[in-house]
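Quick look at coords-v9.cif (mmCIF, C-alpha atoms):
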data_coords
#
loop_
_atom_site.label_atom_id
_atom_site.label_comp_id
_atom_site.auth_asym_id
_atom_site.auth_seq_id
_atom_site.Cartn_x
_atom_site.Cartn_y
_atom_site.Cartn_z
CA MET A 106 0.00 0.00 0.00
CA ASN A 107 1.36 3.43 -0.95
CA TYR A 108 0.57 6.13 1.57
CA THR A 109 0.06 9.71 0.51
CA VAL A 110 -0.52 12.35 3.14
CA SER A 111 -2.55 15.46 2.56
CA PRO A 112 -0.74 18.57 3.83
CA LYS A 113 -3.84 19.66 5.76
CA ASN A 114 -3.72 16.43 7.79
CA ARG A 115 -0.12 16.80 8.79
CA ILE A 116 0.72 17.88 12.30
CA SER A 117 3.01 20.88 12.17
CA LEU A 118 5.85 21.37 14.62
CA GLY A 119 3.95 24.25 16.17
CA SER A 120 0.77 22.27 16.81
CA THR A 121 -0.49 22.20 20.38
CA GLY A 122 0.37 18.94 22.14
CA ASN A 123 2.64 17.70 19.36
CA ALA A 124 3.92 14.37 20.71
CA LEU A 125 7.03 14.39 18.54
CA VAL A 126 8.10 17.82 19.76
CA LEU A 127 7.46 16.79 23.36
CA LEU A 128 9.76 13.78 23.01
CA LEU A 129 12.46 15.78 21.27
CA MET A 130 12.32 18.47 23.95
CA ALA A 131 12.37 15.92 26.81
CA ASN A 132 15.57 14.36 25.47
CA ALA A 133 17.21 17.72 24.81
CA VAL A 134 16.27 19.26 28.18
CA LEU A 135 17.51 16.29 30.21
CA PHE A 136 20.77 16.27 28.23
CA VAL A 137 21.34 19.94 29.03
CA LEU A 138 20.56 19.28 32.68
CA LEU A 139 23.04 16.41 32.92
CA ILE A 140 25.75 18.38 31.12
CA PHE A 141 25.17 21.26 33.53
CA PHE A 142 25.86 18.96 36.50
CA LYS A 143 28.88 17.49 34.73
CA VAL A 144 30.39 20.94 34.18
CA PHE A 145 29.54 21.85 37.75
CA TYR A 146 31.52 18.83 39.00
CA PHE A 147 34.51 19.85 36.88
CA MET A 148 34.44 23.36 38.29
CA THR A 149 33.94 22.47 41.95
CA ALA A 150 35.70 19.11 42.36
CA THR A 151 38.77 19.11 44.57
CA SER A 152 40.75 16.77 42.30
CA ASN A 153 42.57 18.10 39.24
CA VAL A 154 42.38 14.73 37.51
CA ALA A 155 39.60 14.75 34.90
CA SER A 156 38.92 11.01 35.14
CA VAL A 157 38.33 11.30 38.88
CA ASN A 158 35.84 14.12 38.39
CA VAL A 159 33.98 12.16 35.70
CA ALA A 160 33.81 9.08 37.90
CA LEU A 161 32.42 11.17 40.75
CA PHE A 162 29.79 12.69 38.45
CA HIS A 163 28.74 9.22 37.28
CA LYS A 164 28.55 7.84 40.79
CA GLU A 165 26.58 10.67 42.35
CA ILE A 166 24.41 11.89 39.43
CA PHE A 167 24.51 10.02 36.12
CA ASP A 168 24.08 6.50 37.52
CA TYR A 169 20.71 7.52 38.95
CA PHE A 170 19.37 8.22 35.45
CA VAL A 171 20.76 5.29 33.44
CA LEU A 172 19.69 1.64 33.58
CA SER A 173 22.07 -0.72 35.30
CA ALA A 174 22.65 -4.21 33.93
CA GLN A 175 22.48 -5.55 37.47
CA GLY A 176 18.97 -6.56 38.43
CA SER A 177 19.53 -5.78 42.10
CA VAL A 178 20.48 -2.19 41.28
CA THR A 179 17.45 -1.78 39.04
CA LEU A 180 15.17 -3.01 41.83
CA HIS A 181 16.49 -0.24 44.05
CA ARG A 182 16.21 2.34 41.22
CA PRO A 183 13.05 1.34 39.31
CA TRP A 184 12.61 4.84 37.86
CA THR A 185 15.68 4.27 35.69
CA LEU A 186 13.54 2.04 33.46
CA LEU A 187 11.90 5.29 32.38
CA SER A 188 14.64 7.87 32.80
CA TYR A 189 17.34 6.03 30.83
CA MET A 190 15.46 6.41 27.53
CA PHE A 191 15.69 10.21 27.84
CA SER A 192 19.30 10.35 29.08
CA HIS A 193 22.39 11.01 26.93
CA GLU A 194 25.93 11.94 27.85
CA SER A 195 27.31 12.24 24.31
CA LEU A 196 26.17 15.12 22.13
CA LEU A 197 26.76 13.04 19.00
CA ALA A 198 24.55 10.23 20.31
CA LEU A 199 21.84 12.72 21.24
CA LEU A 200 21.83 14.41 17.81
CA SER A 201 21.83 11.07 16.01
CA ASN A 202 18.85 9.79 18.00
CA LEU A 203 16.93 13.04 17.65
CA LEU A 204 17.40 13.06 13.87
CA TRP A 205 16.16 9.47 13.54
CA LEU A 206 13.27 10.18 15.90
CA ALA A 207 12.28 13.27 13.92
CA ALA A 208 12.39 11.32 10.64
CA PHE A 209 10.35 8.30 11.74
CA GLY A 210 8.19 10.31 14.14
CA PHE A 211 7.05 12.78 11.50
CA ILE A 212 6.00 9.95 9.20
CA LEU A 213 4.21 8.13 12.03
CA GLN A 214 2.24 11.24 12.96
CA SER A 215 1.38 11.79 9.30
CA LEU A 216 0.01 8.24 8.95
CA ALA A 217 -1.49 7.62 12.40
CA ALA A 218 -2.01 11.14 13.82
CA ASN A 219 -0.62 12.16 17.20
CA ARG A 220 -1.78 9.48 19.64
CA LYS A 221 0.63 6.63 18.85
CA MET A 222 3.97 8.39 19.26
CA ILE A 223 4.46 8.66 23.03
CA PRO A 224 2.92 5.27 23.97
CA LEU A 225 5.01 3.49 21.33
CA TYR A 226 8.15 5.28 22.51
CA LEU A 227 7.51 4.35 26.14
CA TYR A 228 6.56 0.75 25.29
CA GLY A 229 9.81 0.30 23.39
CA GLY A 230 11.98 1.85 26.09
CA LEU A 231 10.40 -0.15 28.92
CA PHE A 232 10.37 -3.45 27.03
CA GLY A 233 13.93 -3.02 25.77
CA GLY A 234 15.13 -2.08 29.24
CA LEU A 235 13.53 -5.15 30.81
CA ILE A 236 15.07 -7.46 28.21
CA PHE A 237 18.47 -5.88 28.75
CA VAL A 238 18.36 -6.29 32.52
CA LEU A 239 16.95 -9.83 32.46
CA CYS A 240 19.41 -11.07 29.85
CA SER A 241 22.35 -9.42 31.59
CA THR A 242 21.31 -11.04 34.86
CA PHE A 243 20.37 -14.56 33.75
CA ILE A 244 22.61 -15.25 30.74
CA PRO A 245 25.84 -16.55 32.28
CA HIS A 246 29.28 -15.57 31.04
CA SER A 247 27.90 -13.04 28.55
CA ALA A 248 30.00 -9.99 27.82
CA HIS A 249 27.73 -6.99 28.02
CA MET A 250 27.55 -3.33 28.87
CA ALA A 251 27.30 -2.32 32.49
CA GLN A 252 24.61 0.27 31.73
CA LEU A 253 21.98 1.06 29.13
CA VAL A 254 21.58 4.71 28.25
CA GLY A 255 19.93 6.63 25.45
CA ALA A 256 16.75 6.65 23.39
CA THR A 257 17.80 3.93 20.92
CA PRO A 258 15.55 1.09 22.25
CA ALA A 259 12.51 3.36 22.33
CA LEU A 260 13.42 4.77 18.93
CA ILE A 261 13.65 1.29 17.42
CA ALA A 262 10.06 0.59 18.50
CA VAL A 263 8.89 3.84 16.89
CA ALA A 264 10.81 3.04 13.68
CA ALA A 265 9.44 -0.52 13.51
CA GLY A 266 5.89 0.65 14.14
CA THR A 267 6.14 3.36 11.48
CA THR A 268 7.53 0.90 8.93
CA THR A 269 4.79 -1.62 9.76
CA LEU A 270 2.12 0.99 9.07
CA GLY A 271 3.59 2.28 5.82
CA PRO A 272 6.41 0.10 4.47
CA LYS A 273 6.04 1.59 0.98
CA TYR A 274 5.83 5.17 2.16
CA ARG A 275 8.44 6.97 0.07
CA ILE A 276 10.90 9.58 1.23
CA PHE A 277 12.97 11.88 -1.02
CA PRO A 278 10.49 11.50 -3.93
CA MET A 279 12.76 13.55 -6.18
CA LEU A 280 15.26 10.65 -6.26
CA GLY A 281 13.80 8.34 -8.88
CA GLY A 282 10.36 8.24 -7.29
CA GLY A 283 11.58 8.06 -3.70
CA ILE A 284 13.09 5.55 -1.29
CA PRO A 285 10.67 3.11 0.42
CA LEU A 286 10.48 3.44 4.17
CA TRP A 287 11.40 -0.20 4.74
CA VAL A 288 14.81 0.47 3.15
CA LEU A 289 15.42 3.31 5.61
CA PHE A 290 14.43 1.01 8.48
CA VAL A 291 16.84 -1.71 7.32
CA ILE A 292 19.67 0.85 7.19
CA PHE A 293 18.71 2.18 10.63
CA MET A 294 18.68 -1.31 12.19
CA ALA A 295 21.95 -2.30 10.51
CA ILE A 296 23.67 0.76 11.99
CA ASN A 297 22.39 0.06 15.50
CA LEU A 298 23.02 -3.69 15.44
CA SER A 299 26.56 -3.25 14.16
CA ALA A 300 27.25 -0.61 16.80
CA GLY A 301 25.77 -2.82 19.51
CA ALA A 302 27.51 -6.03 18.44
CA THR A 303 30.49 -5.33 20.70
CA ALA A 304 28.17 -4.55 23.61
CA GLY A 305 27.05 -8.14 23.95
CA LEU A 306 24.03 -10.35 23.47
CA PRO A 307 21.71 -8.60 25.99
CA LEU A 308 21.76 -5.37 23.96
CA ILE A 309 21.21 -7.21 20.66
CA LEU A 310 18.21 -9.05 22.14
CA ALA A 311 16.87 -5.79 23.56
CA TYR A 312 17.01 -4.13 20.14
CA ALA A 313 15.32 -7.13 18.49
CA GLY A 314 12.61 -7.18 21.16
CA CYS A 315 11.89 -3.48 20.67
CA ALA A 316 11.52 -3.97 16.92
CA LEU A 317 9.09 -6.86 17.42
CA LEU A 318 7.12 -4.88 19.98
CA GLY A 319 6.78 -1.89 17.66
CA PHE A 320 5.59 -4.18 14.88
CA PHE A 321 3.06 -5.93 17.15
CA VAL A 322 1.52 -2.75 18.60
CA ILE A 323 0.94 -1.09 15.23
CA TRP A 324 -0.07 -4.31 13.45
CA SER A 325 -2.65 -5.03 16.17
CA TRP A 326 -4.12 -1.54 15.78
CA ASP A 327 -4.01 -1.40 11.98
CA LYS A 328 -5.12 -4.97 11.19
CA LYS A 329 -7.02 -6.16 14.27
CA GLY A 330 -8.43 -2.92 15.65
CA ARG A 331 -6.79 -3.38 19.06
CA ASP A 332 -5.39 -0.08 20.26
CA TYR A 333 -2.81 -0.59 23.01
CA CYS A 334 -1.94 3.11 23.04
CA GLU A 335 -5.30 4.71 23.84
CA TRP A 336 -5.32 3.80 27.52
CA MET A 337 -2.37 6.10 28.21
CA TYR A 338 -4.26 9.11 26.90
CA ASN A 339 -7.43 8.09 28.74
CA LEU A 340 -5.42 7.82 31.97
CA VAL A 341 -3.98 11.30 31.43
CA TYR A 342 -7.49 12.65 30.79
CA ARG A 343 -8.84 11.05 33.98
CA ILE A 344 -6.00 12.52 36.03
CA ASP A 345 -6.62 15.89 34.39
CA ASP A 346 -10.33 15.65 35.24
CA ILE A 347 -9.49 14.96 38.90
CA PHE A 348 -7.56 18.21 39.15
CA ASN A 349 -10.15 20.07 37.04
CA PRO A 350 -13.51 19.28 38.72
CA ASP A 351 -15.40 21.71 36.49
CA LYS A 352 -14.53 19.61 33.41
CA LYS A 353 -16.33 16.27 33.71
CA THR A 354 -16.06 13.99 30.69
CA ILE A 355 -16.92 10.46 29.69
CA LYS A 356 -15.19 8.10 27.26
CA LYS A 357 -17.16 6.59 24.42
CA GLY A 358 -15.70 4.82 21.42
CA GLY A 359 -12.16 5.83 22.35
CA ARG A 360 -12.95 9.55 22.25
CA ARG A 361 -13.88 11.99 24.94
CA GLN A 362 -17.30 13.58 24.78
CA GLN A 363 -18.76 16.36 26.88
CA LEU A 364 -21.42 15.10 29.29
CA PHE A 365 -24.81 16.84 28.97
CA TYR A 366 -27.88 16.29 31.12
CA LYS A 367 -31.13 15.30 29.44
CA THR A 368 -33.95 17.80 29.82
CA SER A 369 -37.45 18.26 28.39
CA GLY A 370 -37.14 22.02 28.14
CA GLN A 371 -35.84 24.01 25.21
CA PRO A 372 -32.04 24.33 25.20
CA TYR A 373 -32.30 27.96 24.11
CA LYS A 374 -35.09 30.48 24.13
CA ARG A 375 -34.77 33.92 22.63
CA THR A 376 -36.11 36.76 24.72
CA GLU A 377 -36.42 40.24 23.33
CA LEU A 378 -35.23 43.13 25.43
CA ILE A 379 -37.93 45.78 25.95
CA THR A 380 -36.40 49.23 26.38
CA GLN A 381 -38.06 52.51 27.20
CA GLU A 382 -36.11 54.26 24.45
CA ARG A 383 -37.53 51.98 21.80
CA VAL A 384 -41.06 52.41 23.16
CA ASP A 385 -40.69 56.21 23.07
CA GLU A 386 -39.53 56.06 19.46
CA LEU A 387 -42.61 54.09 18.44
CA LEU A 388 -44.95 56.40 20.35
CA ASP A 389 -43.41 59.44 18.63
CA LYS A 390 -43.94 57.74 15.28
CA ILE A 391 -47.62 57.21 16.11
CA LYS A 392 -48.00 60.90 16.99
CA LEU A 393 -46.45 61.97 13.70
CA LYS A 394 -47.83 59.41 11.22
CA GLY A 395 -50.56 57.51 13.06
CA TYR A 396 -50.88 53.97 14.33
CA LYS A 397 -51.28 52.54 10.83
CA SER A 398 -47.71 53.59 9.96
CA LEU A 399 -46.32 50.94 12.31
CA SER A 400 -45.17 47.62 10.86
CA LYS A 401 -46.38 44.26 12.21
CA GLU A 402 -43.17 43.82 14.18
CA GLU A 403 -43.46 47.28 15.72
CA LYS A 404 -47.12 46.73 16.68
CA ALA A 405 -46.20 43.40 18.28
CA TYR A 406 -43.36 45.09 20.13
CA LEU A 407 -45.70 47.70 21.61
CA GLU A 408 -48.16 44.99 22.60
CA ARG A 409 -45.45 43.07 24.46
CA ALA A 410 -44.27 46.28 26.09
CA SER A 411 -47.79 47.06 27.33
CA LYS A 412 -48.04 43.65 29.00
CA LYS A 413 -44.87 44.37 30.96
#

With the file now loaded, output its structure as structure tokens.
Amino acid sequence: MNYTVSPKNRISLGSTGNALVLLLMANAVLFVLLIFFKVFYFMTATSNVASVNVALFHKEIFDYFVLSAQGSVTLHRPWTLLSYMFSHESLLALLSNLLWLAAFGFILQSLAANRKMIPLYLYGGLFGGLIFVLCSTFIPHSAHMAQLVGATPALIAVAAGTTTLGPKYRIFPMLGGGIPLWVLFVIFMAINLSAGATAGLPLILAYAGCALLGFFVIWSWDKKGRDYCEWMYNLVYRIDDIFNPDKKTIKKGGRRQQLFYKTSGQPYKRTELITQERVDELLDKIKLKGYKSLSKEEKAYLERASKK
């Protein structure tokens, strides 16, 4: 299936609640925050040895954001299953991930609107993190990284889901009709798998699991009608309603509708304002031209005014 997107259906970068922009900003802001602390450690540390300062920064700050390969550490820092997918220490790694996320994310929002991006990103990051920790813990004698950091697992899920939805979606159409999206996904996976080959089997399995998860979530929604992303938005809406008691809503058919009360009366009744100035104008007209000069509307107006 070839997908063509009408420009009016595209979500611009300035759109309110743009999920892609929110993810890009979350990664960028946390990177700036971590770099700020890293520079602060360099400026205030008592040691003049750079490696000592970096080690201190990792121990006291950075390790509390990244996902440890040790299951016992992860149990004591469960929030790292979420925080690691927004954390970067290398500017090059951050820019690379943001560019890939912008490319696949824009296409996903064009094909599936705005409500699949954040859930798919979080699903991929959480699932990939769990696979990484479990494999690192239970696969004996496997050489692997000590920590998992960066948006790559979450990004792989987004890329796989986007490719599942529109494998023949073409980019760069000026180049001989364009390059199919599945080709871009193959290149993207080849780069990540080759880079992660030296990191060990747990990371390779995590990347593969994220790709399968992204495929499953979008395939289930597109082919089977099962939306595993909608509940996140519904949960956010319910929490929002709790803190906004004046805005009560109900969910029906996956969309929020305003709740109205049934009533037998008319929803709107027009009432005409009777003013003394208008009455005086009509009376003056009668004095000058007689009662017969009044129109039907003016006669009715005077009659209503006399009743009041």

message: Take the PyMOL selection byres ((chain A and resi 230-235) around 9), run it mentally on this structure, and tell me the resulting residues as a PyMOL selection string.
response: chain A and resi 172+186-187+189-190+225-229+236-240+253+256-262+308+310-315+318

With 5 Å added on each side, what axis-aligned box encloses every listed atom of region 136-150 of chain A? Give the centre and edge lengths in Å to one decimal, as AutoDock Vina command-line options.
--center_x 28.1 --center_y 19.8 --center_z 35.3 --size_x 25.1 --size_y 17.1 --size_z 24.1

task: Any chance you could resolve the PyMOL selection byres ((chain A and resi 213) around 10) against this file and give the residues as an NGL selection string?
output: :A and (125 or 207-212 or 214-222 or 263-264 or 266-268 or 270-271)

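Minimum atom-to-atom distances from A:Ser177, A:Asn132, A:Asn123, A:Ser299 to Ser195 (chain A) were compared using only C-alpha atoms, and the lowest value belongs to A:Asn132.
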
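Closest approach to Val171 (chain A) from the set A:Gln252, A:Ser400, A:Thr149, A:Asn158 is made by A:Gln252, with distances taken over only C-alpha atoms.
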
query: Quick one: distance from CA of Leu204 (chain A) to CA of Leu129 (chain A) in Å, one decimal?
result: 9.3 Å

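The gap separating CA of Met337 (chain A) from CA of Ile223 (chain A) is 8.9 Å, in Å to one decimal.
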
query: Neighbours of region 146-148 of chain A within 9 Å (all atoms listed in the file; same-chain residues fewer than 6 positions away dropped), as a VMD selection string?
result: chain A and resid 155 158 to 159 161 to 162

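Take CA of Ala302 (chain A) and CA of Phe191 (chain A): the distance between them is 22.2 Å.
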
- request: Write out as a list in words each polymer residue whose atoms come within 7 Å of Arg275 (chain A), counting all atoms listed in the file; drop sequence neighbours fewer than 4 positions from it.
  value: Gly283, Ile284, Pro285 and Leu286 of chain A

Please, could you write that set of residues out with C-alpha atoms as a short mmCIF file (atom, residue, chain, number, x, y, z; two decimals), in the coordinates of the input?
data_model
loop_
_atom_site.label_atom_id
_atom_site.label_comp_id
_atom_site.auth_asym_id
_atom_site.auth_seq_id
_atom_site.Cartn_x
_atom_site.Cartn_y
_atom_site.Cartn_z
CA GLY A 283 11.58 8.06 -3.70
CA ILE A 284 13.09 5.55 -1.29
CA PRO A 285 10.67 3.11 0.42
CA LEU A 286 10.48 3.44 4.17
#

statement: Using all atoms listed in the file, the shortest atom-to-atom distance to Glu402 (chain A) among A:Ala160, A:Leu387, A:Gly305, A:Leu180 belongs to A:Leu387

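Each of A:Leu128, A:Val254, A:Ile244, A:Ile276 was checked against Ala198 (chain A) using all atoms listed in the file; the smallest atom-to-atom distance is that of A:Val254.
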
- request: Might you pull out every residue within 7 Å of Phe320 (chain A), with all atoms listed in the file counted and same-chain residues fewer than 3 positions away left off, and present them as an MDAnalysis selection string?
  value: chainID A and resid 265:266 269 316:317 323:324

message: Once the PyMOL selection byres ((chain A and resi 409) around 12) is applied to the coordinates I shared, what remains selected? I want it as a ChimeraX atom specification.
response: /A:376-380,384,402-408,410-413

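Using only C-alpha atoms, the contacts of Trp287 (chain A) at a cut-off of 7 Å, with sequence neighbours closer than 2 positions omitted, comprise A:Thr268, A:Pro272, A:Lys273, A:Pro285, A:Leu289, A:Phe290, A:Val291.
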